[in-house]
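K.L.:
Please find upload.txt (compact mmCIF, C-alpha atoms) on the next line:
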```txt
# COMPACT_ATOMS: atom_id res chain seq x y z
CA MET A 949 12.45 -9.45 92.82
CA LYS A 950 12.92 -13.20 93.07
CA ILE A 951 14.64 -14.75 96.10
CA VAL A 952 15.63 -18.42 96.31
CA SER A 953 16.50 -19.86 99.73
CA TRP A 954 18.15 -23.26 100.16
CA ASN A 955 20.13 -25.29 102.65
CA SER A 956 22.57 -26.88 100.19
CA ARG A 957 23.85 -29.27 102.87
CA SER A 958 27.58 -29.86 103.28
CA GLY A 959 28.89 -27.34 100.80
CA PHE A 960 27.62 -25.23 97.92
CA ASP A 961 29.74 -26.59 95.08
CA LYS A 962 29.77 -25.83 91.36
CA ILE A 963 27.18 -28.51 90.51
CA LYS A 964 24.70 -27.23 93.11
CA ALA A 965 25.32 -23.64 92.03
CA GLN A 966 24.57 -24.49 88.39
CA TYR A 967 21.29 -26.18 89.36
CA ILE A 968 20.04 -23.35 91.52
CA LYS A 969 20.99 -20.64 89.00
CA LYS A 970 18.50 -22.08 86.52
CA TYR A 971 15.79 -20.29 88.50
CA SER A 972 17.20 -16.90 87.51
CA ALA A 973 16.75 -15.40 90.95
CA ASP A 974 17.84 -11.90 91.80
CA ILE A 975 19.10 -13.10 95.18
CA TYR A 976 20.17 -16.57 96.36
CA VAL A 977 20.13 -17.18 100.11
CA ILE A 978 22.20 -20.27 100.91
CA GLN A 979 22.68 -22.11 104.20
CA GLU A 980 25.62 -24.49 104.78
CA CYS A 981 27.59 -22.58 102.18
CA GLU A 982 31.37 -22.80 101.89
CA SER A 983 33.41 -19.61 101.99
CA ILE A 984 33.35 -17.41 98.90
CA GLY A 985 36.65 -18.72 97.57
CA LYS A 986 35.33 -22.29 97.57
CA CYS A 987 31.63 -22.12 96.69
CA GLU A 988 32.18 -21.52 92.95
CA PHE A 989 29.12 -19.39 92.27
CA THR A 990 30.13 -16.59 89.90
CA ASP A 991 32.01 -13.33 90.18
CA LYS A 992 29.18 -11.61 88.27
CA TYR A 993 27.14 -11.64 91.47
CA THR A 994 27.73 -9.61 94.61
CA GLN A 995 28.74 -12.22 97.16
CA LEU A 996 28.30 -11.88 100.91
CA TRP A 997 29.28 -14.59 103.35
CA SER A 998 29.41 -15.24 107.07
CA PRO A 999 30.96 -18.26 108.84
CA ALA A 1000 28.79 -20.60 110.86
CA GLY A 1001 31.31 -22.14 113.19
CA ASN A 1002 33.89 -22.81 110.45
CA HIS A 1003 34.77 -21.90 106.86
CA ASN A 1004 33.29 -25.06 105.37
CA LYS A 1005 29.74 -24.26 106.46
CA GLY A 1006 28.47 -20.73 106.52
CA LEU A 1007 25.75 -18.42 105.25
CA GLY A 1008 25.90 -17.00 101.74
CA VAL A 1009 23.92 -14.30 99.94
CA PHE A 1010 24.47 -13.89 96.18
CA ALA A 1011 22.86 -10.96 94.36
CA LYS A 1012 22.72 -9.91 90.72
CA PRO A 1013 24.70 -6.74 89.95
CA HIS A 1014 21.60 -4.51 89.75
CA ILE A 1015 20.65 -5.42 93.34
CA LYS A 1016 22.34 -3.40 96.06
CA VAL A 1017 23.21 -5.56 99.10
CA GLU A 1018 25.31 -4.89 102.17
CA VAL A 1019 25.78 -6.68 105.48
CA LEU A 1020 23.96 -5.06 108.39
CA ASP A 1021 25.74 -4.45 111.67
CA TRP A 1022 23.28 -6.33 113.85
CA SER A 1023 24.27 -8.10 117.03
CA ASP A 1024 24.38 -11.85 117.46
CA THR A 1025 25.36 -11.51 121.13
CA PHE A 1026 22.55 -12.40 123.49
CA THR A 1027 23.04 -10.70 126.86
CA GLY A 1028 20.05 -11.98 128.82
CA HIS A 1029 16.33 -11.47 129.34
CA ILE A 1030 14.25 -9.91 132.06
CA ASP A 1031 12.82 -13.28 133.10
CA PHE A 1032 16.08 -15.15 133.67
CA ASN A 1033 19.82 -14.79 133.99
CA VAL A 1034 22.21 -16.26 131.42
CA SER A 1035 25.78 -15.53 130.54
CA GLU A 1036 26.52 -13.49 127.44
CA HIS A 1037 27.05 -15.60 124.32
CA ASN A 1038 26.68 -15.56 120.54
CA VAL A 1039 23.65 -17.13 118.88
CA GLY A 1040 23.82 -18.98 115.60
CA PHE A 1041 23.56 -18.56 112.81
CA PHE A 1042 22.21 -15.46 111.06
CA LEU A 1043 23.35 -13.14 108.26
CA PRO A 1044 21.36 -9.85 108.05
CA VAL A 1045 21.62 -7.96 104.76
CA LYS A 1046 20.15 -4.67 103.55
CA VAL A 1047 18.62 -5.01 100.08
CA ASP A 1048 18.15 -1.98 97.83
CA ASP A 1049 17.92 0.29 100.89
CA LYS A 1050 14.44 -1.16 101.45
CA TYR A 1051 14.43 -4.68 102.90
CA GLU A 1052 16.29 -6.26 105.79
CA LEU A 1053 16.91 -9.81 104.58
CA ILE A 1054 17.99 -12.31 107.24
CA ASN A 1055 19.55 -15.57 106.13
CA CYS A 1056 18.72 -18.05 108.93
CA TRP A 1057 20.34 -21.36 109.80
CA CYS A 1058 19.02 -22.12 113.28
CA HIS A 1059 21.65 -24.31 114.85
CA LEU A 1060 21.96 -26.36 118.05
CA ASN A 1061 24.95 -24.12 118.80
CA ASN A 1062 25.97 -26.21 121.84
CA SER A 1063 22.79 -25.19 123.66
CA LYS A 1064 20.66 -28.08 124.88
CA THR A 1065 18.03 -25.70 126.22
CA PHE A 1066 17.97 -23.02 123.51
CA GLY A 1067 18.97 -25.05 120.47
CA TYR A 1068 17.51 -24.41 117.02
CA ILE A 1069 14.34 -22.32 117.41
CA GLY A 1070 15.65 -21.00 120.73
CA GLN A 1071 18.55 -19.45 118.82
CA LEU A 1072 16.13 -17.56 116.57
CA TRP A 1073 14.08 -16.47 119.59
CA LYS A 1074 17.23 -15.01 121.16
CA TYR A 1075 18.22 -13.32 117.90
CA LEU A 1076 14.80 -11.69 117.64
CA GLN A 1077 15.04 -10.48 121.22
CA THR A 1078 18.50 -9.06 120.63
CA ASN A 1079 17.54 -7.23 117.43
CA ALA A 1080 13.92 -6.37 118.16
CA ASP A 1081 14.45 -2.66 117.44
CA HIS A 1082 15.84 -3.40 113.96
CA ILE A 1083 13.06 -5.68 112.74
CA THR A 1084 10.28 -3.96 110.79
CA ASP A 1085 7.50 -4.89 108.39
CA ASN A 1086 10.15 -4.61 105.64
CA THR A 1087 12.16 -7.48 107.16
CA ILE A 1088 12.39 -10.85 105.40
CA LEU A 1089 13.51 -13.97 107.27
CA THR A 1090 14.19 -17.07 105.26
CA GLY A 1091 16.13 -20.28 105.60
CA ASP A 1092 16.40 -23.40 107.71
CA PHE A 1093 14.67 -22.85 111.06
CA ASN A 1094 15.13 -26.49 112.09
CA ALA A 1095 11.75 -26.29 113.81
CA ASN A 1096 8.07 -27.06 113.50
CA ALA A 1097 5.06 -26.49 115.74
CA VAL A 1098 4.70 -30.26 116.30
CA TRP A 1099 7.85 -30.13 118.44
CA ASP A 1100 6.67 -27.29 120.66
CA LYS A 1101 7.20 -27.64 124.37
CA HIS A 1102 4.36 -25.66 125.85
CA ASP A 1103 6.02 -24.87 129.17
CA ILE A 1104 8.61 -22.62 127.52
CA TRP A 1105 8.28 -19.26 125.78
CA TRP A 1106 10.82 -19.78 122.99
CA ASN A 1107 9.10 -22.57 121.07
CA PHE A 1108 8.16 -22.28 117.40
CA SER A 1109 4.63 -21.01 118.06
CA GLN A 1110 5.97 -18.20 120.23
CA VAL A 1111 8.50 -17.20 117.58
CA ASN A 1112 5.73 -17.23 114.98
CA GLU A 1113 3.59 -15.01 117.20
CA THR A 1114 6.51 -12.60 117.70
CA LEU A 1115 7.00 -12.30 113.95
CA GLU A 1116 3.30 -11.89 113.22
CA LEU A 1117 3.18 -8.96 115.65
CA LYS A 1118 5.74 -7.36 113.33
CA LYS A 1119 3.40 -8.13 110.37
CA LEU A 1120 5.75 -10.85 109.15
CA HIS A 1121 4.01 -14.06 108.13
CA SER A 1122 4.99 -17.50 106.88
CA GLN A 1123 4.30 -17.36 103.16
CA TYR A 1124 3.77 -21.11 102.89
CA HIS A 1125 0.94 -20.98 105.41
CA LYS A 1126 -0.47 -17.79 103.92
CA ARG A 1127 -0.64 -19.38 100.45
CA THR A 1128 -1.90 -22.82 101.46
CA GLY A 1129 -4.13 -21.97 104.42
CA GLU A 1130 -2.67 -24.97 106.27
CA LYS A 1131 -2.21 -24.91 110.02
CA PHE A 1132 1.23 -24.90 111.60
CA GLY A 1133 2.26 -28.47 112.33
CA LYS A 1134 -0.18 -29.79 109.69
CA GLU A 1135 1.87 -29.03 106.58
CA THR A 1136 1.29 -31.35 103.61
CA GLN A 1137 4.40 -30.23 101.73
CA HIS A 1138 7.71 -30.96 103.40
CA THR A 1139 10.97 -29.05 102.99
CA PHE A 1140 13.36 -31.52 104.65
CA PHE A 1141 13.71 -35.30 104.35
CA MET A 1142 15.89 -37.02 106.92
CA HIS A 1143 18.53 -39.16 105.16
CA ARG A 1144 16.70 -38.20 101.95
CA ASN A 1145 13.99 -40.69 102.87
CA ILE A 1146 10.62 -39.55 101.51
CA THR A 1147 8.83 -41.23 104.43
CA LYS A 1148 10.69 -39.01 106.90
CA GLY A 1149 9.63 -35.58 105.74
CA PHE A 1150 9.25 -32.44 107.86
CA HIS A 1151 8.45 -28.80 107.19
CA ILE A 1152 11.33 -26.83 108.74
CA ASP A 1153 12.31 -24.21 106.13
CA TYR A 1154 10.39 -20.94 106.01
CA ALA A 1155 10.06 -17.53 104.38
CA TYR A 1156 8.56 -14.82 106.59
CA CYS A 1157 7.71 -11.34 105.34
CA ASN A 1158 4.93 -8.80 104.95
CA ASN A 1159 2.06 -10.33 102.98
CA GLU A 1160 1.54 -7.18 100.95
CA VAL A 1161 4.89 -7.35 99.18
CA VAL A 1162 4.64 -10.98 98.02
CA LYS A 1163 3.71 -11.84 94.47
CA LYS A 1164 4.43 -15.57 94.58
CA PHE A 1165 5.78 -18.30 96.85
CA GLU A 1166 6.55 -21.96 96.21
CA VAL A 1167 8.43 -24.98 97.51
CA LEU A 1168 10.28 -26.60 94.61
CA ASP A 1169 10.00 -30.17 93.40
CA ARG A 1170 11.02 -32.76 95.97
CA ASP A 1171 12.31 -35.52 93.72
CA LYS A 1172 14.58 -33.25 91.70
CA TRP A 1173 16.22 -31.55 94.67
CA LEU A 1174 16.69 -34.64 96.83
CA GLN A 1175 19.44 -35.59 94.39
CA LEU A 1176 21.46 -32.67 95.73
CA SER A 1177 20.40 -32.08 99.33
CA ASP A 1178 17.98 -33.27 102.00
CA HIS A 1179 16.40 -29.78 101.91
CA ILE A 1180 14.10 -28.41 99.19
CA PRO A 1181 14.57 -24.80 97.98
CA LEU A 1182 11.99 -22.08 98.59
CA VAL A 1183 11.17 -19.41 96.00
CA LEU A 1184 9.85 -16.05 97.15
CA GLU A 1185 8.90 -13.48 94.51
CA LEU A 1186 8.24 -9.89 95.56
CA TYR A 1187 6.48 -7.09 93.74
CA GLU A 1188 8.73 -4.41 92.36
CA LYS A 1189 9.84 -1.77 94.82
CA ASP A 1190 7.10 0.58 96.00
CA THR A 1191 4.45 -1.57 94.28
CA LYS A 1192 2.10 -3.61 96.44
CA LYS A 1193 -0.84 -5.81 95.54
```
Please render this file's structure as structure tokens.
P.N.:
Amino acid sequence: MKIVSWNSRSGFDKIKAQYIKKYSADIYVIQECESIGKCEFTDKYTQLWSPAGNHNKGLGVFAKPHIKVEVLDWSDTFTGHIDFNVSEHNVGFFLPVKVDDKYELINCWCHLNNSKTFGYIGQLWKYLQTNADHITDNTILTGDFNANAVWDKHDIWWNFSQVNETLELKKLHSQYHKRTGEKFGKETQHTFFMHRNITKGFHIDYAYCNNEVVKKFEVLDRDKWLQLSDHIPLVLELYEKDTKK
């Protein structure tokens, strides 16, 4: 099973859809995706979509007909934590999907979400706390985390390194770091280029899953994809169901 994840930036139009479909993925996981009626993918795919603040930017999952996908009824309402008191609110933005009755695939676009304290990686930390009982070693998280270990603030417990540790305890690992052996914060291949400037690159897009199910992982070519977005797509290829390395 091949999964392609990409923040298409400001709308997933027909041109972007045609480019990404060349990779013949079984599932496309798109961040900043317009609503289904506007994104112009194809009606041959099962199409799942969730808004991210408005109908011009949301989360899309597109699956070939032979792949069974359905939206999971997970909560995005964070109600607090034992160590501090906060008012109940929704975190953003995540789309959890069940794939072939085997994997829980979470499309992630970690957003500021009007939270100066818990913006970006703090949103994912809250989502993981809220749905801790649902997350297993069959869970896959992929998308735009908007975070890197170089930006960690070490006096808080919701920085990137803490989120990474939480996921690793669930046997979910960053496939880029598994494949390259590079340390977090020392990545040589970037996934995001601010203003599409190649001198302003950062590694902020990830694919986390159980190492045993992964056949291949790659970050696609920078120069080709910068024509379409400031993010570079990720390709995650899994072994067939019930077959591990």
K.L.:
Give me, please, the distance in Å between CA of Phe1066 (chain A) and CA of Ala1097 (chain A), quoted to one decimal.
P.N.:
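Distance reported for this atom pair: 15.5 Å.
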K.L.:
My list of candidates is A:Cys987, A:Leu1115, A:Cys1056, A:Leu1120. Which is closest to Asp1085 (chain A) when distances are computed with only C-alpha atoms?
P.N.:
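For Asp1085 (chain A), the nearest of the candidates is A:Leu1120.
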K.L.:
From (21.8, -17.6, 102.0), in the file's coordinates, out to 8 Å: which residues are reached, counting all atoms listed in the file? Answer as JSON, numbers by chain.
P.N.:
{"A": [953, 954, 955, 976, 977, 978, 979, 981, 1007, 1008, 1009, 1010, 1043, 1055, 1056, 1091]}
K.L.:
Around the point (16.5, -25.9, 112.5), in the coordinates given by the file, pick out the residues reaching within 10 Å, counting only C-alpha atoms, and return them as a CSV table (one decimal) with C-alpha atoms, keeping the file's coordinate frame.
P.N.:
```csv
chain,number,residue,atom,x,y,z
A,1056,CYS,CA,18.7,-18.0,108.9
A,1057,TRP,CA,20.3,-21.4,109.8
A,1058,CYS,CA,19.0,-22.1,113.3
A,1059,HIS,CA,21.6,-24.3,114.8
A,1060,LEU,CA,22.0,-26.4,118.0
A,1067,GLY,CA,19.0,-25.0,120.5
A,1068,TYR,CA,17.5,-24.4,117.0
A,1069,ILE,CA,14.3,-22.3,117.4
A,1070,GLY,CA,15.6,-21.0,120.7
A,1071,GLN,CA,18.6,-19.4,118.8
A,1072,LEU,CA,16.1,-17.6,116.6
A,1091,GLY,CA,16.1,-20.3,105.6
A,1092,ASP,CA,16.4,-23.4,107.7
A,1093,PHE,CA,14.7,-22.8,111.1
A,1094,ASN,CA,15.1,-26.5,112.1
A,1095,ALA,CA,11.8,-26.3,113.8
A,1096,ASN,CA,8.1,-27.1,113.5
A,1152,ILE,CA,11.3,-26.8,108.7
A,1153,ASP,CA,12.3,-24.2,106.1
```
K.L.:
Tell me which of A:Ile1054, A:Val1162, A:Ile1083, A:Val952 sits closest to Tyr967 (chain A), counting only C-alpha atoms.
P.N.:
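Closest residue, counting only C-alpha atoms: A:Val952.
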K.L.:
Do you know which residues are at most 12 Å from Val1161 (chain A) counting only C-alpha atoms, after dropping those on the same chain fewer than 3 positions away, and could you put them as a list in words?
P.N.:
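My reading of the contact set: Met949, Lys950, Lys1050, Tyr1051, Asp1085, Asn1086, Thr1087, Ile1088, Lys1119, Leu1120, His1121, Gln1123, Tyr1156, Cys1157, Asn1158, Lys1164, Phe1165, Leu1184, Glu1185, Leu1186, Tyr1187, Glu1188, Lys1189, Asp1190, Thr1191, Lys1192 and Lys1193 of chain A.
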K.L.:
Go ahead and write the selection's residues with C-alpha atoms as a JSON list (two decimals), in the frame of the given file.
P.N.:
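Written output follows (result_37.json):
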```
[["chain", "number", "residue", "atom", "x", "y", "z"],
["A", 949, "MET", "CA", 12.45, -9.45, 92.82],
["A", 950, "LYS", "CA", 12.92, -13.20, 93.07],
["A", 1050, "LYS", "CA", 14.44, -1.16, 101.45],
["A", 1051, "TYR", "CA", 14.43, -4.68, 102.90],
["A", 1085, "ASP", "CA", 7.50, -4.89, 108.39],
["A", 1086, "ASN", "CA", 10.15, -4.61, 105.64],
["A", 1087, "THR", "CA", 12.16, -7.48, 107.16],
["A", 1088, "ILE", "CA", 12.39, -10.85, 105.40],
["A", 1119, "LYS", "CA", 3.40, -8.13, 110.37],
["A", 1120, "LEU", "CA", 5.75, -10.85, 109.15],
["A", 1121, "HIS", "CA", 4.01, -14.06, 108.13],
["A", 1123, "GLN", "CA", 4.30, -17.36, 103.16],
["A", 1156, "TYR", "CA", 8.56, -14.82, 106.59],
["A", 1157, "CYS", "CA", 7.71, -11.34, 105.34],
["A", 1158, "ASN", "CA", 4.93, -8.80, 104.95],
["A", 1164, "LYS", "CA", 4.43, -15.57, 94.58],
["A", 1165, "PHE", "CA", 5.78, -18.30, 96.85],
["A", 1184, "LEU", "CA", 9.85, -16.05, 97.15],
["A", 1185, "GLU", "CA", 8.90, -13.48, 94.51],
["A", 1186, "LEU", "CA", 8.24, -9.89, 95.56],
["A", 1187, "TYR", "CA", 6.48, -7.09, 93.74],
["A", 1188, "GLU", "CA", 8.73, -4.41, 92.36],
["A", 1189, "LYS", "CA", 9.84, -1.77, 94.82],
["A", 1190, "ASP", "CA", 7.10, 0.58, 96.00],
["A", 1191, "THR", "CA", 4.45, -1.57, 94.28],
["A", 1192, "LYS", "CA", 2.10, -3.61, 96.44],
["A", 1193, "LYS", "CA", -0.84, -5.81, 95.54]]
```
K.L.:
What is the CA of His1179 (chain A)-CA of Ser958 (chain A) distance in Å, reported with one decimal?
P.N.:
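These two atoms are separated by 11.3 Å.
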K.L.:
For Phe989 (chain A), which of A:Asp961, A:Asp1171, A:Asp974, A:Glu1116 is the closest residue, counting only C-alpha atoms?
P.N.:
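With only C-alpha atoms as the atom set, the closest residue is A:Asp961.
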K.L.:
From the set A:His1102, A:Lys964, A:Arg1127, A:His1014, which residue has the shortest atom-to-atom contact distance to Val1167 (chain A), counting only C-alpha atoms?
P.N.:
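For Val1167 (chain A), the nearest of the given residues is A:Arg1127.
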K.L.:
Between A:Arg1170, A:His1037, A:Lys992, A:His1143, which has the minimum distance to Thr1078 (chain A) (counting only C-alpha atoms)?
P.N.:
A:His1037
K.L.:
Could you check which of A:Glu1018, A:Asp1100, A:Asp1178, A:Asp1169 is closest to Lys1148 (chain A), using all atoms listed in the file?
P.N.:
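Of A:Glu1018, A:Asp1100, A:Asp1178, A:Asp1169, the one nearest Lys1148 (chain A), counting all atoms listed in the file, is A:Asp1178.
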K.L.:
For region 1061-1069 of chain A, what centre and edge lengths in Å (one decimal) does the axis-aligned box get once 6 Å is added on each side of all its listed atoms, as lines of an AutoDock Vina configuration file?
P.N.:
```
center_x = 20.2
center_y = -25.2
center_z = 121.6
size_x = 23.6
size_y = 17.8
size_z = 21.2
```
K.L.:
Find the residues near Lys1134 (chain A): any atom within 12 Å, counting only C-alpha atoms, skip ones fewer than 6 places away on the same chain, and give them as a list in words.
P.N.:
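The residues that qualify are Asn1096, Ala1097, Val1098, Trp1099, Tyr1124, His1125, Thr1128, Phe1150, His1151 and Ile1152 of chain A.
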K.L.:
Using CA of Phe1042 (chain A) and CA of Gln1077 (chain A) as the two end points, give the distance in Å to one decimal.
P.N.:
13.4 Å
